[in-house]
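Remarks on the structure that follows.
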Amino acid sequence: MKKPQNERINWVRTIPFTLIHLSPLLLFWTGVTWFSVFLCIGLYAARMFFITAGYHRYFAHRSYHLNRLGQFLMALGGTLAAQKGPLWWAANHRHHHQYSDQPEDIHSPIKGFLWSHVGWMMSDKYYETKTDRIQDLAKYPELRWLDAHPLVPPFLLAIGIFLLWGPAALVMGFFVSTIFLWHVTFSINSIAHVVGSRRYVTHDTSRNFLPLALLTGGEGWHNNHHYFPSSARQGFFWWEIDLSYYTLKVMSWFRLVKKLRVPPKAILQLNRIKDGIPDIGMFKDHMRRAHRVIEKTKASTEAAYAHQKELVGHAMESAKQQTEDWVRLSKGAARIKK
Ligand SMILES: [Zn+2]
Ligand SMILES: [Zn+2]
């Protein structure tokens, strides 16, 4: 089926995004130093924190309180990850929670794994910030400014790294780190809805997946998160490692963040899939897949029927033609006999 024009990848607009993926080739020229590797890891971890604790748990879900300066710094840190502005990010993410894995969902893997991973953001459809979903944030002019100029902070960061430490630090510390940061973050929209286990009954296909939780500072507990989205803590049990939450907890001791919201204990024990409660999210997914197979089979059967009908039509036409020829010939032969 052909995608609508605004859901097709806009290759022109995404040239910088594509080119950055080729930037590791520059390492053959710049070389790799130990310092650049540490910078890569450090900038990955720091910016991942701003994305998960800031863009996601604060701006999209308001799962704790920040004062205005803290809010601005969290937004500024988030923009350094080059994932557009805080308002755009939060608006799309709120939409995802409202329509998870339904036809309206912005990045459900039901529309295709690659679509959920990068396709949706490379299309024109979700380019603009949907301000109706983020009225609570859009009232702050400093956040609106960052959202309108999201490339300024990462650009300045890249220039700063280059001036301070040279080309190897720029390529490894900024570009390679950013590529990792992107794809691990995107994996929450793609892999965390496809791979892993489900603990809670939700209306979507979200999963808990330890490797992603380790790489993202706790975001891999995605089924937990879809079950109780307003929680600042996504690893609900002690063994579910959630580095972003631990960091926020430490920050709360210094009053840098306040009122961290966590789910009530009783809620954690309810709606468990293993209790025999039908898994609505997966049931809907299976039904959708079955429906797709039926639709495909129907379409191919209809096409085969149309083809057969056409062949029969041709055969009938040629038989008719042959009969007419034969009648004409017999009449001619009869006339000759006479
Ligand atoms: Zn999700
Ligand atoms: Zn969320």
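By convention here, the chains of the structure tokens are called A, B, ... in the order presented, each chain's residues are numbered starting at 1, and ligands are numbered starting at 1 in the order presented.
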Item to check | Exercise answer, 12 Å around ligand 2 with only C-alpha atoms and all ligand atoms, as a ChimeraX atom specification | outcome: /A:51-63,89-100,185,188-189,192,206,218-234
With C-alpha atoms retained, export the selected residues as a tab-separated table (two decimals), in the first residue's frame.
```
chain	number	residue	atom	x	y	z
A	51	ILE	CA	16.43	12.94	27.72
A	52	THR	CA	15.04	10.35	30.12
A	53	ALA	CA	14.78	12.41	33.31
A	54	GLY	CA	14.16	15.71	31.53
A	55	TYR	CA	12.37	15.41	28.19
A	56	HIS	CA	10.56	12.22	29.12
A	57	ARG	CA	9.83	12.06	32.84
A	58	TYR	CA	9.61	15.80	33.46
A	59	PHE	CA	8.40	17.54	30.29
A	60	ALA	CA	6.24	14.77	28.83
A	61	HIS	CA	4.89	13.33	32.09
A	62	ARG	CA	5.46	15.99	34.78
A	63	SER	CA	6.37	13.20	37.20
A	89	TRP	CA	9.35	15.97	22.07
A	90	ALA	CA	6.81	16.15	24.90
A	91	ALA	CA	3.84	16.81	22.58
A	92	ASN	CA	4.61	13.78	20.41
A	93	HIS	CA	5.24	11.61	23.43
A	94	ARG	CA	1.96	12.58	25.11
A	95	HIS	CA	0.20	11.69	21.87
A	96	HIS	CA	1.97	8.28	21.90
A	97	HIS	CA	0.61	7.52	25.36
A	98	GLN	CA	-2.91	8.59	24.43
A	99	TYR	CA	-3.06	6.41	21.31
A	100	SER	CA	-0.40	3.72	21.98
A	185	THR	CA	16.47	6.51	22.51
A	188	ILE	CA	12.23	2.70	23.17
A	189	ASN	CA	9.69	3.44	20.43
A	192	ALA	CA	10.55	-1.74	23.63
A	206	SER	CA	4.93	-2.22	25.55
A	218	GLY	CA	15.78	2.92	33.17
A	219	GLU	CA	13.59	3.57	30.13
A	220	GLY	CA	13.65	-0.10	29.13
A	221	TRP	CA	11.01	-0.85	31.78
A	222	HIS	CA	8.55	0.32	29.18
A	223	ASN	CA	5.63	-1.92	30.08
A	224	ASN	CA	5.87	-0.63	33.66
A	225	HIS	CA	5.93	2.87	32.25
A	226	HIS	CA	2.87	2.43	30.02
A	227	TYR	CA	1.06	0.95	33.01
A	228	PHE	CA	1.81	3.93	35.26
A	229	PRO	CA	3.18	6.75	33.04
A	230	SER	CA	3.18	9.51	35.64
A	231	SER	CA	5.76	7.75	37.82
A	232	ALA	CA	9.26	9.26	38.01
A	233	ARG	CA	10.46	5.73	38.73
A	234	GLN	CA	10.21	3.20	35.91
```
Checklist entry - What is the atom CA of Leu270 of chain A to atom CA of Arg199 of chain A distance in Å? => result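 Pair atom CA of Leu270 of chain A / atom CA of Arg199 of chain A returns 10.1 Å.
Omitting segment 120-124 of chain A and its sequence neighbours fewer than 5 positions away, and counting only C-alpha atoms, the residues within 6 Å are Asn6, Glu7, Arg8, Ile9, Asn10 and Trp115 of chain A.
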Checklist entry - For the atom pair atom CA of Gly78 of chain A and atom CA of Phe49 of chain A, what is the interatomic distance in Å to one decimal place? => result 8.3 Å
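The residue that comes closest to Phe174 of chain A, out of A:Pro4, A:Pro150, A:Pro24, A:Pro86 and on the basis of only C-alpha atoms, is A:Pro24.
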Next on the checklist: Restricting the calculation to only C-alpha atoms and all ligand atoms: of A:Ile191, A:Val32, A:Ala158, A:Leu22, which residue gets closest to ligand 1?
Outcome noted: A:Ile191
Item to check | Pairwise distance for atom CA of Leu170 of chain A and atom CA of Leu73 of chain A, rounded to one decimal in Å | outcome: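 Atom-to-atom, atom CA of Leu170 of chain A to atom CA of Leu73 of chain A, that is 23.0 Å.
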Next on the checklist: Quick one: residues within 10 Å of Trp182 of chain A, only C-alpha atoms, excluding same-chain residues fewer than 5 positions away - as a list in words?
Outcome noted: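 Near neighbours after the sequence-gap exclusion: Tyr44, Met48, Ala81, Ala82, Gln83, His117, Val118, Val176, Ser177 and Ser187 of chain A.
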Write the selection just made, keeping C-alpha atoms, as a JSON list (two decimals), in the first residue's frame?
```
[["chain", "number", "residue", "atom", "x", "y", "z"],
["A", 44, "TYR", "CA", 26.24, 9.84, 26.02],
["A", 48, "MET", "CA", 20.76, 10.37, 28.10],
["A", 81, "ALA", "CA", 21.00, 15.50, 22.57],
["A", 82, "ALA", "CA", 19.89, 16.89, 19.17],
["A", 83, "GLN", "CA", 16.40, 15.39, 19.40],
["A", 117, "HIS", "CA", 12.39, 3.72, 14.90],
["A", 118, "VAL", "CA", 13.16, 6.61, 12.51],
["A", 176, "VAL", "CA", 29.54, 9.02, 17.51],
["A", 177, "SER", "CA", 28.08, 9.68, 20.95],
["A", 187, "SER", "CA", 14.73, 1.89, 20.44]]
```
Among segment 206-277 of chain A, which residues does DSSP mark as helix (DSSP H, G or I) when it is run on the backbone? Keep the chain and numbering as in the structure and answer as a PDB file with C-alpha atoms, in the first residue's frame.
```pdb
ATOM      1  CA  LEU A 210      16.715  -5.262  30.717  1.00  0.00           C
ATOM      2  CA  PRO A 211      19.413  -4.440  28.095  1.00  0.00           C
ATOM      3  CA  LEU A 212      17.473  -1.356  27.025  1.00  0.00           C
ATOM      4  CA  ALA A 213      16.906  -0.368  30.643  1.00  0.00           C
ATOM      5  CA  LEU A 214      20.678  -0.482  31.237  1.00  0.00           C
ATOM      6  CA  LEU A 215      21.477   1.511  28.097  1.00  0.00           C
ATOM      7  CA  THR A 216      18.830   4.162  28.706  1.00  0.00           C
ATOM      8  CA  HIS A 222       8.554   0.319  29.179  1.00  0.00           C
ATOM      9  CA  ASN A 223       5.626  -1.925  30.079  1.00  0.00           C
ATOM     10  CA  ASN A 224       5.870  -0.626  33.662  1.00  0.00           C
ATOM     11  CA  HIS A 225       5.926   2.874  32.246  1.00  0.00           C
ATOM     12  CA  HIS A 226       2.870   2.435  30.018  1.00  0.00           C
ATOM     13  CA  TYR A 227       1.058   0.947  33.013  1.00  0.00           C
ATOM     14  CA  LEU A 243      19.761   4.926  36.913  1.00  0.00           C
ATOM     15  CA  SER A 244      17.762   8.045  36.016  1.00  0.00           C
ATOM     16  CA  TYR A 245      15.504   7.538  39.002  1.00  0.00           C
ATOM     17  CA  TYR A 246      18.458   6.954  41.356  1.00  0.00           C
ATOM     18  CA  THR A 247      19.998  10.200  40.097  1.00  0.00           C
ATOM     19  CA  LEU A 248      16.709  12.075  40.575  1.00  0.00           C
ATOM     20  CA  LYS A 249      16.411  10.583  44.068  1.00  0.00           C
ATOM     21  CA  VAL A 250      19.888  11.875  45.006  1.00  0.00           C
ATOM     22  CA  MET A 251      18.981  15.273  43.517  1.00  0.00           C
ATOM     23  CA  SER A 252      15.836  15.316  45.673  1.00  0.00           C
ATOM     24  CA  TRP A 253      18.007  14.998  48.828  1.00  0.00           C
ATOM     25  CA  LYS A 265       2.443  -0.227  46.319  1.00  0.00           C
ATOM     26  CA  ALA A 266      -1.032  -1.728  45.866  1.00  0.00           C
ATOM     27  CA  ILE A 267      -1.120  -0.653  42.205  1.00  0.00           C
ATOM     28  CA  LEU A 268       2.078  -2.599  41.535  1.00  0.00           C
ATOM     29  CA  GLN A 269       0.363  -5.843  42.495  1.00  0.00           C
ATOM     30  CA  ILE A 273      -0.669 -10.598  33.338  1.00  0.00           C
ATOM     31  CA  LYS A 274       0.385 -13.733  35.189  1.00  0.00           C
ATOM     32  CA  ASP A 275      -2.764 -13.471  37.315  1.00  0.00           C
TER      33      ASP A 275
END
```
Checklist entry - Of the candidates A:Thr323, A:Ser36, A:Lys284, A:Ala290, which shows the shortest atom-to-atom distance to Leu164 of chain A, using only C-alpha atoms? => result A:Ser36
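Summary of the local environment: counting only C-alpha atoms, residues at most 12 Å from Gly160 of chain A, other than itself and those fewer than 5 positions away along its chain, are Pro153, Pro154, Phe155, Trp165, Gly166, Pro167, Ala169, Leu170, Gly173 and Phe174 of chain A.
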Item to check | Which residue of A:Glu317, A:Asp285, A:Asp204, A:Asp325 approaches ligand 1 most closely, using only C-alpha atoms and all ligand atoms | outcome: A:Asp204
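Proximity of A:Ile106, A:Ala138, A:Ala46, A:Met74 to ligand 1, computed with only C-alpha atoms and all ligand atoms, is greatest for A:Ile106.
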Excluding Glu142 of chain A and residues on its chain fewer than 4 positions from it, collect all residues at most 12 Å away from it, counting only C-alpha atoms, and give them as a PDB file with N, CA and C atoms, in the first residue's frame.
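Now in around-v9.pdb:
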```
ATOM      1  N   ARG A  68      11.912  27.078  38.117  1.00  0.00           N
ATOM      2  CA  ARG A  68      11.978  27.542  36.727  1.00  0.00           C
ATOM      3  C   ARG A  68      13.389  27.443  36.139  1.00  0.00           C
ATOM      4  N   LEU A  69      14.396  27.722  36.968  1.00  0.00           N
ATOM      5  CA  LEU A  69      15.768  27.621  36.484  1.00  0.00           C
ATOM      6  C   LEU A  69      16.104  26.155  36.192  1.00  0.00           C
ATOM      7  N   GLN A  71      14.060  23.823  35.481  1.00  0.00           N
ATOM      8  CA  GLN A  71      13.294  23.428  34.294  1.00  0.00           C
ATOM      9  C   GLN A  71      14.028  23.856  33.021  1.00  0.00           C
ATOM     10  N   PHE A  72      14.550  25.091  33.030  1.00  0.00           N
ATOM     11  CA  PHE A  72      15.263  25.589  31.850  1.00  0.00           C
ATOM     12  C   PHE A  72      16.535  24.775  31.609  1.00  0.00           C
ATOM     13  N   LEU A  73      17.288  24.509  32.701  1.00  0.00           N
ATOM     14  CA  LEU A  73      18.538  23.759  32.540  1.00  0.00           C
ATOM     15  C   LEU A  73      18.264  22.347  32.030  1.00  0.00           C
ATOM     16  N   MET A  74      17.161  21.761  32.505  1.00  0.00           N
ATOM     17  CA  MET A  74      16.807  20.413  32.056  1.00  0.00           C
ATOM     18  C   MET A  74      16.467  20.435  30.566  1.00  0.00           C
ATOM     19  N   ALA A  75      15.766  21.483  30.142  1.00  0.00           N
ATOM     20  CA  ALA A  75      15.413  21.614  28.719  1.00  0.00           C
ATOM     21  C   ALA A  75      16.666  21.847  27.877  1.00  0.00           C
ATOM     22  N   LEU A  76      17.551  22.703  28.390  1.00  0.00           N
ATOM     23  CA  LEU A  76      18.795  23.010  27.677  1.00  0.00           C
ATOM     24  C   LEU A  76      19.630  21.730  27.511  1.00  0.00           C
ATOM     25  N   GLY A  85      13.281  20.119  20.051  1.00  0.00           N
ATOM     26  CA  GLY A  85      13.020  20.866  21.282  1.00  0.00           C
ATOM     27  C   GLY A  85      12.161  20.125  22.290  1.00  0.00           C
ATOM     28  N   PRO A  86      12.134  20.616  23.541  1.00  0.00           N
ATOM     29  CA  PRO A  86      11.379  19.940  24.599  1.00  0.00           C
ATOM     30  C   PRO A  86       9.866  19.918  24.344  1.00  0.00           C
ATOM     31  N   LEU A  87       9.338  20.961  23.708  1.00  0.00           N
ATOM     32  CA  LEU A  87       7.891  21.008  23.491  1.00  0.00           C
ATOM     33  C   LEU A  87       7.484  20.016  22.397  1.00  0.00           C
ATOM     34  N   LEU A 137       3.489  23.829  29.142  1.00  0.00           N
ATOM     35  CA  LEU A 137       4.914  24.150  28.949  1.00  0.00           C
ATOM     36  C   LEU A 137       5.099  25.362  28.044  1.00  0.00           C
ATOM     37  N   ALA A 138       4.166  25.521  27.098  1.00  0.00           N
ATOM     38  CA  ALA A 138       4.323  26.574  26.083  1.00  0.00           C
ATOM     39  C   ALA A 138       4.185  27.972  26.678  1.00  0.00           C
ATOM     40  N   LEU A 146      13.849  27.721  23.080  1.00  0.00           N
ATOM     41  CA  LEU A 146      14.647  26.506  22.853  1.00  0.00           C
ATOM     42  C   LEU A 146      13.983  25.613  21.811  1.00  0.00           C
ATOM     43  N   ASP A 147      12.641  25.553  21.882  1.00  0.00           N
ATOM     44  CA  ASP A 147      11.921  24.693  20.947  1.00  0.00           C
ATOM     45  C   ASP A 147      12.019  25.226  19.509  1.00  0.00           C
ATOM     46  N   ALA A 148      12.112  26.549  19.393  1.00  0.00           N
ATOM     47  CA  ALA A 148      12.207  27.143  18.057  1.00  0.00           C
ATOM     48  C   ALA A 148      13.642  27.103  17.520  1.00  0.00           C
ATOM     49  N   HIS A 149      14.616  27.001  18.428  1.00  0.00           N
ATOM     50  CA  HIS A 149      16.029  26.984  18.002  1.00  0.00           C
ATOM     51  C   HIS A 149      16.762  25.788  18.617  1.00  0.00           C
ATOM     52  N   PRO A 150      16.283  24.587  18.353  1.00  0.00           N
ATOM     53  CA  PRO A 150      16.843  23.422  19.068  1.00  0.00           C
ATOM     54  C   PRO A 150      18.259  23.050  18.636  1.00  0.00           C
TER      55      PRO A 150
END
```
Checklist entry - Counting only C-alpha atoms and all ligand atoms, which of A:Ile110, A:Leu181, A:Met316, A:Ala334 gets nearest to ligand 1? => result A:Ile110
